[in-house]
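Presented below is the structure to which this report refers.
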Amino acid sequence: MEHEMRAEHAEDAEAGSPQAGGPVKLWHMVRLDGTRSMCGRELRPDAAVQSADAWGTAAAEPFCHSCGALYLREVP
């Protein structure tokens, strides 16, 4: 199964809503082209994405621990 990382963006302090392209609060793992993370969080379709190959590197920090555990169980 193919995966990619999708950002959970930090909330805009003034508007109180997530802003795509803003600071990344956490990176989550999703199944390719999905918006629901492996931990169950629904992420914005316009959120930043990066390849699953970045998992475990500095580019993937901070990373959701729940997504990481589930990803490890799914990937050979």
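Residue numbering restarts at 1 for every chain of the structure tokens, chains are lettered A, B, ... in their displayed order, and ligands are numbered from 1 as they appear.
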
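Secondary structure of chain A, alpha helix (DSSP H) only (DSSP, backbone atoms): His65, Ser66, Cys67, Gly68, Ala69, Leu70, Tyr71, Leu72, Arg73 and Glu74 of chain A.
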
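What separates atom CA of Glu2 of chain A from atom CA of Lys25 of chain A is a distance of 23.3 Å.
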
- Considering only C-alpha atoms, return as a ChimeraX atom specification whatever protein or nucleic-acid residues lie within 8 Å of segment 68-72 of chain A, sequence-local ones (same chain, fewer than 2 positions apart) excluded. /A:28-29,38-39,63-66,74-76

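Between atom CA of Arg6 of chain A and atom CA of Asp33 of chain A the interatomic distance comes to 9.4 Å.
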
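Distances from A:Ala48, A:Gly22, A:Arg41, A:Gly34 to Ala7 of chain A were compared using only C-alpha atoms, and the smallest one belongs to A:Ala48.
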
May I have the residues within 12 Å of Ala54 of chain A as a PDB file with N, CA, C and O atoms, in the first residue's frame, using only C-alpha atoms and disregarding those fewer than 2 positions away in the same chain?
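Done, and the output landed in around_9.pdb:
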ATOM      1  N   HIS A   3       1.775   5.234   0.644  1.00  0.00           N
ATOM      2  CA  HIS A   3       1.514   6.232   1.682  1.00  0.00           C
ATOM      3  C   HIS A   3       2.172   7.551   1.309  1.00  0.00           C
ATOM      4  O   HIS A   3       3.084   7.592   0.485  1.00  0.00           O
ATOM      5  N   GLU A   4       1.717   8.608   1.968  1.00  0.00           N
ATOM      6  CA  GLU A   4       2.372   9.909   1.909  1.00  0.00           C
ATOM      7  C   GLU A   4       2.145  10.589   3.252  1.00  0.00           C
ATOM      8  O   GLU A   4       1.302  10.177   4.038  1.00  0.00           O
ATOM      9  N   MET A   5       2.923  11.612   3.506  1.00  0.00           N
ATOM     10  CA  MET A   5       2.756  12.378   4.741  1.00  0.00           C
ATOM     11  C   MET A   5       1.960  13.630   4.417  1.00  0.00           C
ATOM     12  O   MET A   5       2.172  14.263   3.387  1.00  0.00           O
ATOM     13  N   ARG A   6       1.032  13.963   5.314  1.00  0.00           N
ATOM     14  CA  ARG A   6       0.200  15.167   5.143  1.00  0.00           C
ATOM     15  C   ARG A   6       0.271  15.971   6.429  1.00  0.00           C
ATOM     16  O   ARG A   6       0.237  15.424   7.524  1.00  0.00           O
ATOM     17  N   TRP A  27       3.169  16.216  11.387  1.00  0.00           N
ATOM     18  CA  TRP A  27       3.052  15.453  10.155  1.00  0.00           C
ATOM     19  C   TRP A  27       2.348  14.156  10.485  1.00  0.00           C
ATOM     20  O   TRP A  27       2.626  13.526  11.507  1.00  0.00           O
ATOM     21  N   HIS A  28       1.419  13.753   9.631  1.00  0.00           N
ATOM     22  CA  HIS A  28       0.675  12.500   9.784  1.00  0.00           C
ATOM     23  C   HIS A  28       0.914  11.639   8.549  1.00  0.00           C
ATOM     24  O   HIS A  28       1.211  12.148   7.477  1.00  0.00           O
ATOM     25  N   MET A  29       0.722  10.328   8.703  1.00  0.00           N
ATOM     26  CA  MET A  29       0.811   9.420   7.569  1.00  0.00           C
ATOM     27  C   MET A  29      -0.600   9.130   7.089  1.00  0.00           C
ATOM     28  O   MET A  29      -1.502   8.872   7.896  1.00  0.00           O
ATOM     29  N   VAL A  49       1.945  18.216   1.627  1.00  0.00           N
ATOM     30  CA  VAL A  49       2.237  16.787   1.593  1.00  0.00           C
ATOM     31  C   VAL A  49       3.709  16.592   1.256  1.00  0.00           C
ATOM     32  O   VAL A  49       4.351  17.466   0.666  1.00  0.00           O
ATOM     33  N   GLN A  50       4.228  15.451   1.672  1.00  0.00           N
ATOM     34  CA  GLN A  50       5.569  15.045   1.259  1.00  0.00           C
ATOM     35  C   GLN A  50       5.611  13.528   1.191  1.00  0.00           C
ATOM     36  O   GLN A  50       4.751  12.837   1.743  1.00  0.00           O
ATOM     37  N   SER A  51       6.600  13.023   0.516  1.00  0.00           N
ATOM     38  CA  SER A  51       6.736  11.593   0.307  1.00  0.00           C
ATOM     39  C   SER A  51       6.926  10.849   1.625  1.00  0.00           C
ATOM     40  O   SER A  51       7.552  11.353   2.558  1.00  0.00           O
ATOM     41  N   ALA A  52       6.426   9.641   1.673  1.00  0.00           N
ATOM     42  CA  ALA A  52       6.638   8.784   2.840  1.00  0.00           C
ATOM     43  C   ALA A  52       8.119   8.477   3.030  1.00  0.00           C
ATOM     44  O   ALA A  52       8.544   8.099   4.125  1.00  0.00           O
ATOM     45  N   GLY A  56      11.017   9.464   9.285  1.00  0.00           N
ATOM     46  CA  GLY A  56      12.217   9.125  10.037  1.00  0.00           C
ATOM     47  C   GLY A  56      13.368  10.102   9.840  1.00  0.00           C
ATOM     48  O   GLY A  56      14.438   9.911  10.401  1.00  0.00           O
ATOM     49  N   THR A  57      13.155  11.151   9.058  1.00  0.00           N
ATOM     50  CA  THR A  57      14.184  12.166   8.847  1.00  0.00           C
ATOM     51  C   THR A  57      13.748  13.472   9.515  1.00  0.00           C
ATOM     52  O   THR A  57      12.601  13.614   9.952  1.00  0.00           O
ATOM     53  N   ALA A  58      14.657  14.422   9.542  1.00  0.00           N
ATOM     54  CA  ALA A  58      14.354  15.729  10.138  1.00  0.00           C
ATOM     55  C   ALA A  58      13.204  16.429   9.407  1.00  0.00           C
ATOM     56  O   ALA A  58      12.458  17.194  10.014  1.00  0.00           O
ATOM     57  N   ALA A  59      13.045  16.156   8.109  1.00  0.00           N
ATOM     58  CA  ALA A  59      11.977  16.793   7.327  1.00  0.00           C
ATOM     59  C   ALA A  59      10.594  16.376   7.815  1.00  0.00           C
ATOM     60  O   ALA A  59       9.609  17.063   7.549  1.00  0.00           O
ATOM     61  N   ALA A  60      10.495  15.260   8.521  1.00  0.00           N
ATOM     62  CA  ALA A  60       9.207  14.741   8.979  1.00  0.00           C
ATOM     63  C   ALA A  60       8.888  15.125  10.419  1.00  0.00           C
ATOM     64  O   ALA A  60       7.896  14.669  10.973  1.00  0.00           O
ATOM     65  N   GLU A  61       9.688  15.949  11.010  1.00  0.00           N
ATOM     66  CA  GLU A  61       9.475  16.320  12.416  1.00  0.00           C
ATOM     67  C   GLU A  61       8.711  17.628  12.515  1.00  0.00           C
ATOM     68  O   GLU A  61       8.938  18.535  11.715  1.00  0.00           O
ATOM     69  N   PRO A  62       7.805  17.738  13.471  1.00  0.00           N
ATOM     70  CA  PRO A  62       7.369  16.716  14.420  1.00  0.00           C
ATOM     71  C   PRO A  62       6.378  15.763  13.756  1.00  0.00           C
ATOM     72  O   PRO A  62       5.571  16.176  12.922  1.00  0.00           O
ATOM     73  N   PHE A  63       6.452  14.484  14.104  1.00  0.00           N
ATOM     74  CA  PHE A  63       5.623  13.458  13.486  1.00  0.00           C
ATOM     75  C   PHE A  63       4.683  12.854  14.518  1.00  0.00           C
ATOM     76  O   PHE A  63       5.060  12.639  15.673  1.00  0.00           O
TER      77      PHE A  63
END

- Task: List every residue of chain A that DSSP, applied to the backbone of this structure, assigns to strand (DSSP E), and report them as an MDAnalysis selection string.
- Result: chainID A and resid 3:9 24:31 49:51

Create the file for the chosen residues now, containing C-alpha atoms and written as a PDB file, in the first residue's frame.
ATOM      1  CA  HIS A   3       1.514   6.232   1.682  1.00  0.00           C
ATOM      2  CA  GLU A   4       2.372   9.909   1.909  1.00  0.00           C
ATOM      3  CA  MET A   5       2.756  12.378   4.741  1.00  0.00           C
ATOM      4  CA  ARG A   6       0.200  15.167   5.143  1.00  0.00           C
ATOM      5  CA  ALA A   7       0.544  18.161   7.425  1.00  0.00           C
ATOM      6  CA  GLU A   8      -1.720  19.169  10.248  1.00  0.00           C
ATOM      7  CA  HIS A   9      -1.183  22.914  10.105  1.00  0.00           C
ATOM      8  CA  VAL A  24       3.147  22.538  10.481  1.00  0.00           C
ATOM      9  CA  LYS A  25       1.880  21.407  13.869  1.00  0.00           C
ATOM     10  CA  LEU A  26       2.367  17.674  13.136  1.00  0.00           C
ATOM     11  CA  TRP A  27       3.052  15.453  10.155  1.00  0.00           C
ATOM     12  CA  HIS A  28       0.675  12.500   9.784  1.00  0.00           C
ATOM     13  CA  MET A  29       0.811   9.420   7.569  1.00  0.00           C
ATOM     14  CA  VAL A  30      -2.074   8.893   5.149  1.00  0.00           C
ATOM     15  CA  ARG A  31      -2.779   6.317   2.497  1.00  0.00           C
ATOM     16  CA  VAL A  49       2.237  16.787   1.593  1.00  0.00           C
ATOM     17  CA  GLN A  50       5.569  15.045   1.259  1.00  0.00           C
ATOM     18  CA  SER A  51       6.736  11.593   0.307  1.00  0.00           C
TER      19      SER A  51
END
